[in-house]
Structures are given as structure tokens and as C-alpha cells.
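S.K.: I'd like to ask some things about the structure below.
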Amino acid sequence: MSKKMKQILGIYVVAALVTLSLLCAVGYAHLTQLRRMAAYAARSSFETTVRSVDAMGAALQKSLYATDGGLCGSLCGEISASASAAEASLSVLPFDTQELEQLSGFINRAGDYAYSLAPQAGEEGFTPEQQQQLAEFAKQAGDFAALLRELQTEVNNGLLTLDSREQRLQNVGRQEEKLLSAALLDYRLGYDGEELSYDGKYTAKEEQTPGDLSPEQAKELAAWAAGVEPRELKEEYDYTGPDGRRCYSAGEVMLCVSSRGLESLAQTRLVSESSISLEQARQAAVKFLEQLALEELALVSYADSGTVASFDFAQTQDGALRLGSGVKVSVALDDGSIYAYNAVNYSTQPAQVSWNTDEDTARQQLPENVSCEGSRKVILRSAGEQDLPCYEFSCLDDQDRSLRIYVNADTGKQYRIDI
């Protein structure tokens, strides 16, 4: 190699090293900026958590002295909003511990409990039982808020280090520095997570009563639905609870049955081109339900994908549709077989409802700026899985927007509005 070529090669090598050094410097600066942004986001989330839990505790304390219905309803909204903000900020903290999940569960329960009380408390105030539960929540929220304020002070004074987002799980228990996650490990929430009795998401759920089918009869039912002999079924899962749920497979079909009957069915095969009409598919779905001895069902909606037709059926009772209880049947449009079936939400017990308000009286709850296009009696499921008798009014507002207004037939007041 000539001297000139060596000089040119040296220049290229130096240029490459300089370029690589510049790229590394730019990348490192960008990474440092991202780390600072992540640290700022984590610190901001922690501060938001402190403020939100503090605000929730303060609102819970105020609720113990509120007697006016309007103020009680306002405080319920305040508690719920603060709990939502606290939960959102907790989920952004750069670590995951069991204690943090317990604290998150407490915040969710307190917020949902207050949210569920708002409609009634806005008119009548809190009952003594509700105030007692709010007092328990207030004490726990106050203790938690005090702890968070103390930890915030230690973080601001440099006595505690906020965890790094790059090591979410490895942060916990590190000995070289005192981390926020480790400090929270020492905190034990006095609230034991006991189920609440109220009409909300976290209420104590009543177990469904078992059915009359024996395990042998349930297996025979599964075999009939799959179109095979019982001996051809392969058991995939069994649950020894009160309902005795078991899951089986047979070729491309998966089924789940319990002592109450067939709960679900699903095929995994690919459906070829359609060869039957939508009406024929509907008839196949109705015949399948009749064979299962499911009565008092009404078709409420359907969908056609071109290869599979799906039909939603709701139970009927006292001339009302139980929209929270029903089954869904899907039919393959190539051979008319049952492609999928879901009866998880089907209730074998009648709804315990009282129709204390007639439709004309319920109609008076409609606002003046809407026109009613139709109505029907329905039974809805509340967040706490309580059956609610309602009148559903299909309406148009002054801008021709469709909406549904539900009036509780028990209380005679508006319950829900869907747009």
C-alpha cells in the first residue's frame, strides 16, 4: 500500500471515529434527557398521589359532619374524583409491590363506595350505616395520607430516593440506598379488604345456587352439544366449586358445562362461504335454545359477518326484557352448525323487582327538549348486580341525536342516559 493510500485510509478512520463519537455523545445526551423526563414523571406522579389521597381523606372527613343532601352528594363526587386521580397516579409509579396493590384496592373501594351513594345521598343524606363505613374509610385514608406526606418530605430532603423506572422490580429491597418502594413495604394497611355490602363494583357477590345436573348428566349434555359420545370428550378443566364447572374438548370444539347446564361452546374451525340465509341461521339458533329447554327468550340484536351470524337473546319476565341476563348464539353460515354459544350471564333465578311506577308517570321524567320515539319495559343490572326495573325511552333531541333514557320503575326517577 502506498503512502498516499495509507494517509487517505487514516483520514477515513479518524473521520469514522469522530462521527461515532459524536453519535454516541448525542445518543447519551438523548438518553440522559429521557431519564430525566422519566424521573420527573415519576416524581410528579408521586406528588399527585399525595395530593389526591390527602384530598380524598379530607372529603371523607367532611362527609362525617354533612347533613344536607346536596352537600352529601357533592362530597361523594369529590371523594370519587380524588380516588380516581390517586389510582391513576399510583399506576404510574415506577415500582410494583403487593402493598401498593392493597393500597390501590383500598382507594378503588372507597371511591366506588362514595360514587354509589351519590344519587341517594344527594336527596336524603347519609344513613347511620353509611356514615359508619365512611368513618372507617376516613381513618384509613387519613393514616395513608399522613404516611405519604412524611415520605414526600423525606424525598424532598434527599433522605429517600425515588425508584428508577428502568428497574421496576429490581428496585424493591435494594440495600445500597433507601428507596420509596422499600419504605412503603413497612406500611401495613389496617383495612383488611373485606367485601362491602352496597350496590357497587366491589360489593359482596352472592354465589349462584347450584343446578340439578349431576356430573354425569353435565358430561352427557356436553357430548350432545359437541355431537359426540361422552367417551370421546377430553376433560380440559374442572372446578370443584358449588356449580361444578367442567370444560371439555372434542376435536375443534371447546365446551364448558356446570350443574346449571351448558355455559359456553366455541368452534375453532374456519368457516367457508355462506350457503344458508340469515333467517335459516336464526331458526337454527332458536331450535338449539329449545333443545336446551331455555324458554322466555327474545331476540334483541343480531350481526352477520358473512360467514358467521350472531344472535343476542335476552330473557323476558313480566313483559320486560332482562338486558343483563341472556345468551348469545353464533351460527356458521356454511353448514348451519352452532359455531359459538355463551350463557355465562344467563340467570336461572327470576328477577326480584317491583313495578311501582306506570309508564305514563315515568314518561313525565323526560326532558322537554326531546321527543320520544318508542318505549319498552326492561330489567337492567346495576354495578352491584342488582336487578332494576326500568322503562327505556328511545328519544331524539332537538338536534336529531339518538339517546335512550331509563327511568327506574321502582323509584320513578331517571336512572341512566345512553347517547
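FYI, nothing fancy with the C-alpha cells labels: chains A, B, ... in order, residues from 1 per chain, ligands from 1 as they appear.
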If we count only C-alpha atoms and set the cut-off at 12 Å, which residues sit around Ala145 (chain A), ignoring sequence neighbours fewer than 6 positions away in its own chain? Please answer as a PDB file with N, CA and C atoms, in the first residue's frame.
M.R.:
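Writing the result to part.pdb gives the following:
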```
ATOM      1  N   PHE A  46     -45.920  10.804  42.032  1.00  0.00           N
ATOM      2  CA  PHE A  46     -45.936  10.624  43.482  1.00  0.00           C
ATOM      3  C   PHE A  46     -46.553  11.835  44.171  1.00  0.00           C
ATOM      4  N   GLU A  47     -46.211  13.031  43.702  1.00  0.00           N
ATOM      5  CA  GLU A  47     -46.780  14.237  44.305  1.00  0.00           C
ATOM      6  C   GLU A  47     -48.290  14.300  44.059  1.00  0.00           C
ATOM      7  N   THR A  48     -48.718  13.883  42.860  1.00  0.00           N
ATOM      8  CA  THR A  48     -50.158  13.844  42.572  1.00  0.00           C
ATOM      9  C   THR A  48     -50.857  12.835  43.474  1.00  0.00           C
ATOM     10  N   THR A  49     -50.210  11.702  43.715  1.00  0.00           N
ATOM     11  CA  THR A  49     -50.769  10.702  44.621  1.00  0.00           C
ATOM     12  C   THR A  49     -50.962  11.278  46.008  1.00  0.00           C
ATOM     13  N   VAL A  50     -49.948  11.992  46.501  1.00  0.00           N
ATOM     14  CA  VAL A  50     -50.032  12.590  47.838  1.00  0.00           C
ATOM     15  C   VAL A  50     -51.200  13.569  47.907  1.00  0.00           C
ATOM     16  N   ARG A  51     -51.300  14.447  46.912  1.00  0.00           N
ATOM     17  CA  ARG A  51     -52.381  15.446  46.928  1.00  0.00           C
ATOM     18  C   ARG A  51     -53.753  14.786  46.812  1.00  0.00           C
ATOM     19  N   SER A  52     -53.865  13.774  45.954  1.00  0.00           N
ATOM     20  CA  SER A  52     -55.165  13.141  45.725  1.00  0.00           C
ATOM     21  C   SER A  52     -55.636  12.372  46.951  1.00  0.00           C
ATOM     22  N   VAL A  53     -54.732  11.606  47.573  1.00  0.00           N
ATOM     23  CA  VAL A  53     -55.112  10.854  48.772  1.00  0.00           C
ATOM     24  C   VAL A  53     -55.439  11.820  49.908  1.00  0.00           C
ATOM     25  N   ASP A  54     -54.686  12.912  50.004  1.00  0.00           N
ATOM     26  CA  ASP A  54     -54.970  13.918  51.022  1.00  0.00           C
ATOM     27  C   ASP A  54     -56.351  14.525  50.802  1.00  0.00           C
ATOM     28  N   ALA A  55     -56.675  14.834  49.526  1.00  0.00           N
ATOM     29  CA  ALA A  55     -57.990  15.416  49.217  1.00  0.00           C
ATOM     30  C   ALA A  55     -59.101  14.399  49.478  1.00  0.00           C
ATOM     31  N   MET A  56     -58.864  13.128  49.158  1.00  0.00           N
ATOM     32  CA  MET A  56     -59.869  12.103  49.415  1.00  0.00           C
ATOM     33  C   MET A  56     -60.114  11.958  50.906  1.00  0.00           C
ATOM     34  N   GLY A  57     -59.039  11.948  51.705  1.00  0.00           N
ATOM     35  CA  GLY A  57     -59.195  11.848  53.153  1.00  0.00           C
ATOM     36  C   GLY A  57     -59.939  13.032  53.733  1.00  0.00           C
ATOM     37  N   ALA A  58     -59.648  14.231  53.212  1.00  0.00           N
ATOM     38  CA  ALA A  58     -60.335  15.426  53.702  1.00  0.00           C
ATOM     39  C   ALA A  58     -61.825  15.373  53.379  1.00  0.00           C
ATOM     40  N   ALA A  86     -55.998   9.551  42.397  1.00  0.00           N
ATOM     41  CA  ALA A  86     -54.975   8.836  43.165  1.00  0.00           C
ATOM     42  C   ALA A  86     -54.644   7.499  42.516  1.00  0.00           C
ATOM     43  N   LEU A 103     -53.045  -0.960  48.670  1.00  0.00           N
ATOM     44  CA  LEU A 103     -53.417   0.449  48.810  1.00  0.00           C
ATOM     45  C   LEU A 103     -54.296   0.887  47.646  1.00  0.00           C
ATOM     46  N   ILE A 107     -58.194   2.347  47.791  1.00  0.00           N
ATOM     47  CA  ILE A 107     -58.608   3.608  47.162  1.00  0.00           C
ATOM     48  C   ILE A 107     -59.766   3.365  46.204  1.00  0.00           C
ATOM     49  N   PHE A 137     -63.395   4.408  56.300  1.00  0.00           N
ATOM     50  CA  PHE A 137     -62.586   4.816  55.159  1.00  0.00           C
ATOM     51  C   PHE A 137     -61.789   6.083  55.480  1.00  0.00           C
ATOM     52  N   ALA A 138     -62.428   7.021  56.187  1.00  0.00           N
ATOM     53  CA  ALA A 138     -61.768   8.288  56.514  1.00  0.00           C
ATOM     54  C   ALA A 138     -60.533   8.057  57.374  1.00  0.00           C
ATOM     55  N   LYS A 139     -60.631   7.152  58.339  1.00  0.00           N
ATOM     56  CA  LYS A 139     -59.487   6.870  59.207  1.00  0.00           C
ATOM     57  C   LYS A 139     -58.331   6.279  58.400  1.00  0.00           C
ATOM     58  N   LEU A 151     -43.347  10.659  53.702  1.00  0.00           N
ATOM     59  CA  LEU A 151     -42.430  10.154  52.685  1.00  0.00           C
ATOM     60  C   LEU A 151     -42.068  11.238  51.675  1.00  0.00           C
ATOM     61  N   GLN A 152     -43.029  12.085  51.346  1.00  0.00           N
ATOM     62  CA  GLN A 152     -42.754  13.181  50.419  1.00  0.00           C
ATOM     63  C   GLN A 152     -41.703  14.124  50.996  1.00  0.00           C
ATOM     64  N   TYR A 187     -45.247  -0.305  55.496  1.00  0.00           N
ATOM     65  CA  TYR A 187     -46.575   0.181  55.846  1.00  0.00           C
ATOM     66  C   TYR A 187     -47.592  -0.924  55.648  1.00  0.00           C
ATOM     67  N   LEU A 189     -51.584  -1.636  55.673  1.00  0.00           N
ATOM     68  CA  LEU A 189     -52.890  -1.008  55.681  1.00  0.00           C
ATOM     69  C   LEU A 189     -53.810  -1.753  56.631  1.00  0.00           C
TER      70      LEU A 189
END
```
S.K.: Region 104-258 of chain A: which residues are strand (DSSP E) by DSSP, as a VMD selection string?
M.R.: chain A and resid 234 to 238 246 to 250 253 to 258
S.K.: Please produce, as a tab-separated table, a per-residue contact table for region 236-281 of chain A versus region 292-295 of chain A (criterion: any atom at most 12 Å away, only C-alpha atoms considered), showing the nearest atom pair and its distance in Å to one decimal, sorted by chain then residue number.
M.R.:
```
residue	atom	partner	partner_atom	distance
A:Arg260	CA	A:Leu292	CA	11.2
A:Gly261	CA	A:Leu292	CA	8.3
A:Leu262	CA	A:Leu292	CA	8.1
A:Glu263	CA	A:Leu292	CA	10.9
```
S.K.: Save out the residues we just selected, C-alpha atoms, as a compact mmCIF listing (two decimals), in the first residue's frame.
M.R.:
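And here's result-v8.txt as it stands now:
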```txt
# COMPACT_ATOMS: atom_id res chain seq x y z
CA ARG A 260 -76.89 -25.47 35.81
CA GLY A 261 -76.36 -26.52 32.20
CA LEU A 262 -74.29 -25.64 29.15
CA GLU A 263 -72.39 -22.39 29.73
```
S.K.: Any chance you could list, as a list in words, the residues in region 330-371 of chain A that come up alpha helix (DSSP H) when DSSP is run on the backbone?
M.R.: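 DSSP on the backbone gives alpha helix (DSSP H) at Glu359, Asp360, Thr361, Ala362 and Arg363 of chain A.
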S.K.: Which of these residues is nearest to Ile379 (chain A), using only C-alpha atoms: A:Thr411, A:Ser214, A:Thr316, A:Ser21?
M.R.: A:Thr316
S.K.: Near Gly69 (chain A), within 12 Å and counting only C-alpha atoms, which residues show up once chain neighbours fewer than 2 positions away are dropped, as a PDB file with N, CA and C atoms, in the first residue's frame?
M.R.:
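Result saved to selection.pdb:
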```pdb
ATOM      1  N   SER A  63     -67.526  14.324  55.141  1.00  0.00           N
ATOM      2  CA  SER A  63     -68.783  13.587  54.995  1.00  0.00           C
ATOM      3  C   SER A  63     -69.347  13.154  56.348  1.00  0.00           C
ATOM      4  N   TYR A  65     -69.737  14.939  58.871  1.00  0.00           N
ATOM      5  CA  TYR A  65     -70.465  16.040  59.511  1.00  0.00           C
ATOM      6  C   TYR A  65     -71.537  16.634  58.605  1.00  0.00           C
ATOM      7  N   ALA A  66     -71.674  16.091  57.388  1.00  0.00           N
ATOM      8  CA  ALA A  66     -72.641  16.640  56.434  1.00  0.00           C
ATOM      9  C   ALA A  66     -74.042  16.120  56.732  1.00  0.00           C
ATOM     10  N   THR A  67     -75.010  17.012  56.732  1.00  0.00           N
ATOM     11  CA  THR A  67     -76.411  16.635  56.937  1.00  0.00           C
ATOM     12  C   THR A  67     -77.286  17.028  55.751  1.00  0.00           C
ATOM     13  N   LEU A  71     -75.034  18.753  49.843  1.00  0.00           N
ATOM     14  CA  LEU A  71     -73.629  18.703  50.235  1.00  0.00           C
ATOM     15  C   LEU A  71     -73.124  17.265  50.282  1.00  0.00           C
ATOM     16  N   CYS A  72     -73.964  16.345  50.749  1.00  0.00           N
ATOM     17  CA  CYS A  72     -73.568  14.929  50.789  1.00  0.00           C
ATOM     18  C   CYS A  72     -73.271  14.412  49.384  1.00  0.00           C
ATOM     19  N   GLY A  73     -74.138  14.751  48.433  1.00  0.00           N
ATOM     20  CA  GLY A  73     -73.908  14.319  47.056  1.00  0.00           C
ATOM     21  C   GLY A  73     -72.648  14.937  46.471  1.00  0.00           C
ATOM     22  N   SER A  74     -72.403  16.214  46.785  1.00  0.00           N
ATOM     23  CA  SER A  74     -71.198  16.881  46.305  1.00  0.00           C
ATOM     24  C   SER A  74     -69.939  16.239  46.880  1.00  0.00           C
ATOM     25  N   LEU A  75     -69.971  15.886  48.167  1.00  0.00           N
ATOM     26  CA  LEU A  75     -68.814  15.245  48.790  1.00  0.00           C
ATOM     27  C   LEU A  75     -68.559  13.862  48.200  1.00  0.00           C
ATOM     28  N   CYS A  76     -69.636  13.151  47.854  1.00  0.00           N
ATOM     29  CA  CYS A  76     -69.463  11.849  47.210  1.00  0.00           C
ATOM     30  C   CYS A  76     -68.710  11.997  45.886  1.00  0.00           C
ATOM     31  N   LEU A 117     -73.103   5.991  46.472  1.00  0.00           N
ATOM     32  CA  LEU A 117     -74.004   6.664  47.405  1.00  0.00           C
ATOM     33  C   LEU A 117     -74.544   7.984  46.872  1.00  0.00           C
ATOM     34  N   ALA A 118     -73.888   8.541  45.866  1.00  0.00           N
ATOM     35  CA  ALA A 118     -74.204   9.899  45.430  1.00  0.00           C
ATOM     36  C   ALA A 118     -75.676  10.131  45.087  1.00  0.00           C
ATOM     37  N   PRO A 119     -76.340   9.277  44.274  1.00  0.00           N
ATOM     38  CA  PRO A 119     -77.735   9.586  43.921  1.00  0.00           C
ATOM     39  C   PRO A 119     -78.658   9.676  45.132  1.00  0.00           C
ATOM     40  N   GLN A 120     -78.579   8.701  46.030  1.00  0.00           N
ATOM     41  CA  GLN A 120     -79.462   8.707  47.204  1.00  0.00           C
ATOM     42  C   GLN A 120     -79.040   9.778  48.210  1.00  0.00           C
ATOM     43  N   ALA A 121     -77.725   9.888  48.443  1.00  0.00           N
ATOM     44  CA  ALA A 121     -77.247  10.868  49.417  1.00  0.00           C
ATOM     45  C   ALA A 121     -77.537  12.292  48.972  1.00  0.00           C
ATOM     46  N   GLY A 122     -77.597  12.522  47.651  1.00  0.00           N
ATOM     47  CA  GLY A 122     -77.890  13.865  47.150  1.00  0.00           C
ATOM     48  C   GLY A 122     -79.274  14.340  47.527  1.00  0.00           C
ATOM     49  N   GLU A 123     -80.168  13.415  47.873  1.00  0.00           N
ATOM     50  CA  GLU A 123     -81.532  13.789  48.250  1.00  0.00           C
ATOM     51  C   GLU A 123     -81.797  13.609  49.744  1.00  0.00           C
ATOM     52  N   GLU A 124     -81.298  12.499  50.285  1.00  0.00           N
ATOM     53  CA  GLU A 124     -81.663  12.152  51.660  1.00  0.00           C
ATOM     54  C   GLU A 124     -80.510  12.242  52.648  1.00  0.00           C
ATOM     55  N   GLY A 125     -79.294  12.476  52.163  1.00  0.00           N
ATOM     56  CA  GLY A 125     -78.144  12.459  53.057  1.00  0.00           C
ATOM     57  C   GLY A 125     -77.684  11.037  53.337  1.00  0.00           C
ATOM     58  N   PHE A 126     -76.738  10.892  54.250  1.00  0.00           N
ATOM     59  CA  PHE A 126     -76.191   9.583  54.574  1.00  0.00           C
ATOM     60  C   PHE A 126     -76.979   8.922  55.703  1.00  0.00           C
ATOM     61  N   THR A 127     -77.116   7.605  55.606  1.00  0.00           N
ATOM     62  CA  THR A 127     -77.704   6.854  56.709  1.00  0.00           C
ATOM     63  C   THR A 127     -76.636   6.619  57.777  1.00  0.00           C
TER      64      THR A 127
END
```
S.K.: Closest to Pro350 (chain A) among A:Leu221, A:Ala320, A:Ile276, A:Leu93, using only C-alpha atoms?
M.R.: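 Once distances to Pro350 (chain A) are computed over only C-alpha atoms, the minimum belongs to A:Ala320.
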S.K.: Counting only C-alpha atoms, what is within 12 Å of Asp335 (chain A), bar same-chain residues fewer than 3 positions away, as a PyMOL selection string?
M.R.: chain A and resi 270-277+280-281+284+307-309+331-332+338-339
S.K.: Please write the residues from the selection above to a file, keeping N, CA and C atoms, as a PDB file, in the first residue's frame.
M.R.:
```pdb
ATOM      1  N   LEU A 270     -62.253 -22.980  10.510  1.00  0.00           N
ATOM      2  CA  LEU A 270     -62.513 -21.876   9.599  1.00  0.00           C
ATOM      3  C   LEU A 270     -63.821 -22.141   8.854  1.00  0.00           C
ATOM      4  N   VAL A 271     -64.648 -21.111   8.769  1.00  0.00           N
ATOM      5  CA  VAL A 271     -65.941 -21.245   8.102  1.00  0.00           C
ATOM      6  C   VAL A 271     -65.783 -20.862   6.640  1.00  0.00           C
ATOM      7  N   SER A 272     -66.285 -21.718   5.754  1.00  0.00           N
ATOM      8  CA  SER A 272     -66.197 -21.440   4.319  1.00  0.00           C
ATOM      9  C   SER A 272     -67.294 -20.461   3.907  1.00  0.00           C
ATOM     10  N   GLU A 273     -67.535 -20.353   2.654  1.00  0.00           N
ATOM     11  CA  GLU A 273     -68.505 -19.385   2.140  1.00  0.00           C
ATOM     12  C   GLU A 273     -69.916 -19.695   2.638  1.00  0.00           C
ATOM     13  N   SER A 274     -70.714 -18.643   2.724  1.00  0.00           N
ATOM     14  CA  SER A 274     -72.086 -18.770   3.203  1.00  0.00           C
ATOM     15  C   SER A 274     -72.937 -19.570   2.216  1.00  0.00           C
ATOM     16  N   SER A 275     -73.751 -20.471   2.798  1.00  0.00           N
ATOM     17  CA  SER A 275     -74.653 -21.260   1.950  1.00  0.00           C
ATOM     18  C   SER A 275     -76.076 -21.271   2.486  1.00  0.00           C
ATOM     19  N   ILE A 276     -76.309 -20.655   3.670  1.00  0.00           N
ATOM     20  CA  ILE A 276     -77.668 -20.562   4.212  1.00  0.00           C
ATOM     21  C   ILE A 276     -77.981 -19.097   4.469  1.00  0.00           C
ATOM     22  N   SER A 277     -79.267 -18.786   4.541  1.00  0.00           N
ATOM     23  CA  SER A 277     -79.690 -17.403   4.745  1.00  0.00           C
ATOM     24  C   SER A 277     -79.631 -17.029   6.221  1.00  0.00           C
ATOM     25  N   GLN A 280     -82.510 -18.658   8.082  1.00  0.00           N
ATOM     26  CA  GLN A 280     -82.248 -20.059   8.402  1.00  0.00           C
ATOM     27  C   GLN A 280     -81.294 -20.183   9.598  1.00  0.00           C
ATOM     28  N   ALA A 281     -80.327 -19.271   9.672  1.00  0.00           N
ATOM     29  CA  ALA A 281     -79.405 -19.271  10.810  1.00  0.00           C
ATOM     30  C   ALA A 281     -80.150 -18.937  12.096  1.00  0.00           C
ATOM     31  N   ALA A 284     -82.009 -21.925  13.245  1.00  0.00           N
ATOM     32  CA  ALA A 284     -81.098 -22.909  13.838  1.00  0.00           C
ATOM     33  C   ALA A 284     -80.752 -22.508  15.274  1.00  0.00           C
ATOM     34  N   THR A 307     -69.767 -14.963   7.204  1.00  0.00           N
ATOM     35  CA  THR A 307     -69.507 -16.395   7.414  1.00  0.00           C
ATOM     36  C   THR A 307     -70.159 -16.912   8.690  1.00  0.00           C
ATOM     37  N   VAL A 308     -70.369 -16.014   9.666  1.00  0.00           N
ATOM     38  CA  VAL A 308     -70.986 -16.388  10.938  1.00  0.00           C
ATOM     39  C   VAL A 308     -72.049 -15.355  11.281  1.00  0.00           C
ATOM     40  N   ALA A 309     -73.213 -15.825  11.705  1.00  0.00           N
ATOM     41  CA  ALA A 309     -74.292 -14.942  12.150  1.00  0.00           C
ATOM     42  C   ALA A 309     -74.423 -15.074  13.669  1.00  0.00           C
ATOM     43  N   VAL A 331     -74.035 -18.873  14.616  1.00  0.00           N
ATOM     44  CA  VAL A 331     -74.289 -19.986  13.698  1.00  0.00           C
ATOM     45  C   VAL A 331     -73.381 -19.853  12.486  1.00  0.00           C
ATOM     46  N   ALA A 332     -72.697 -20.956  12.137  1.00  0.00           N
ATOM     47  CA  ALA A 332     -71.857 -20.972  10.943  1.00  0.00           C
ATOM     48  C   ALA A 332     -72.751 -20.991   9.704  1.00  0.00           C
ATOM     49  N   ILE A 338     -73.925 -24.839  15.175  1.00  0.00           N
ATOM     50  CA  ILE A 338     -73.719 -23.837  16.219  1.00  0.00           C
ATOM     51  C   ILE A 338     -72.215 -23.592  16.338  1.00  0.00           C
ATOM     52  N   TYR A 339     -71.798 -22.383  16.012  1.00  0.00           N
ATOM     53  CA  TYR A 339     -70.373 -22.048  15.994  1.00  0.00           C
ATOM     54  C   TYR A 339     -69.891 -21.562  17.362  1.00  0.00           C
TER      55      TYR A 339
END
```
S.K.: Residues at most 12 Å from Val353 (chain A), counting only C-alpha atoms, excluding those fewer than 4 positions away in the same chain, as a compact mmCIF listing (two decimals) with C-alpha atoms, in the first residue's frame?
M.R.:
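File written: out_16.txt
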```txt
# COMPACT_ATOMS: atom_id res chain seq x y z
CA GLN A 317 -90.18 -11.51 32.62
CA ASP A 318 -93.50 -9.76 33.20
CA ALA A 320 -89.91 -6.88 30.27
CA ARG A 322 -83.86 -8.67 31.19
CA THR A 357 -94.45 3.33 38.61
CA VAL A 378 -86.52 -3.62 30.63
CA ILE A 379 -84.73 -5.01 33.66
CA LEU A 380 -81.17 -3.74 33.98
CA ARG A 381 -78.26 -4.91 36.10
CA GLN A 386 -78.89 -5.88 41.42
CA ASP A 387 -81.93 -6.18 39.13
CA LEU A 388 -83.56 -2.82 38.40
CA PRO A 389 -86.97 -2.46 36.71
CA CYS A 390 -86.85 0.37 34.20
CA ASN A 408 -86.40 3.41 37.40
CA ALA A 409 -89.87 1.90 37.75
CA ASP A 410 -89.32 1.32 41.46
CA THR A 411 -88.38 4.89 42.42
```
S.K.: Between A:Ser347, A:Thr209, A:Ser249, A:Ser330, which residue has the minimum interatomic distance to Arg282 (chain A), considering only C-alpha atoms?
M.R.: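 The closest residue to Arg282 (chain A) is A:Ser330.
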S.K.: Which distance in Å separates CA of Tyr391 (chain A) and CA of Tyr346 (chain A), to one decimal?
M.R.: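 Between CA of Tyr391 (chain A) and CA of Tyr346 (chain A) the gap works out to 21.2 Å.
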S.K.: Have a look at A:Cys372, A:Leu60, A:Val329, A:Ala42 and name the one nearest to Ala135 (chain A); count only C-alpha atoms.
M.R.: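 Ranked by minimum distance to Ala135 (chain A), first place goes to A:Leu60.
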S.K.: Would you compute the distance between CA of Tyr237 (chain A) and CA of Gly326 (chain A)? Give it in Å to one decimal.
M.R.: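 The value is 24.3 Å.
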S.K.: Using only C-alpha atoms for the distances, tell me which of A:Leu278, A:Thr203, A:Pro242, A:Gln102 is nearest to Leu184 (chain A).
M.R.: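 Nearest to Leu184 (chain A): A:Gln102.
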S.K.: Please measure the separation of CA of Leu162 (chain A) and CA of Leu147 (chain A), giving the value in Å to one decimal.
M.R.: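 Taking CA of Leu162 (chain A) as the start and CA of Leu147 (chain A) as the end point, the length is 15.4 Å.
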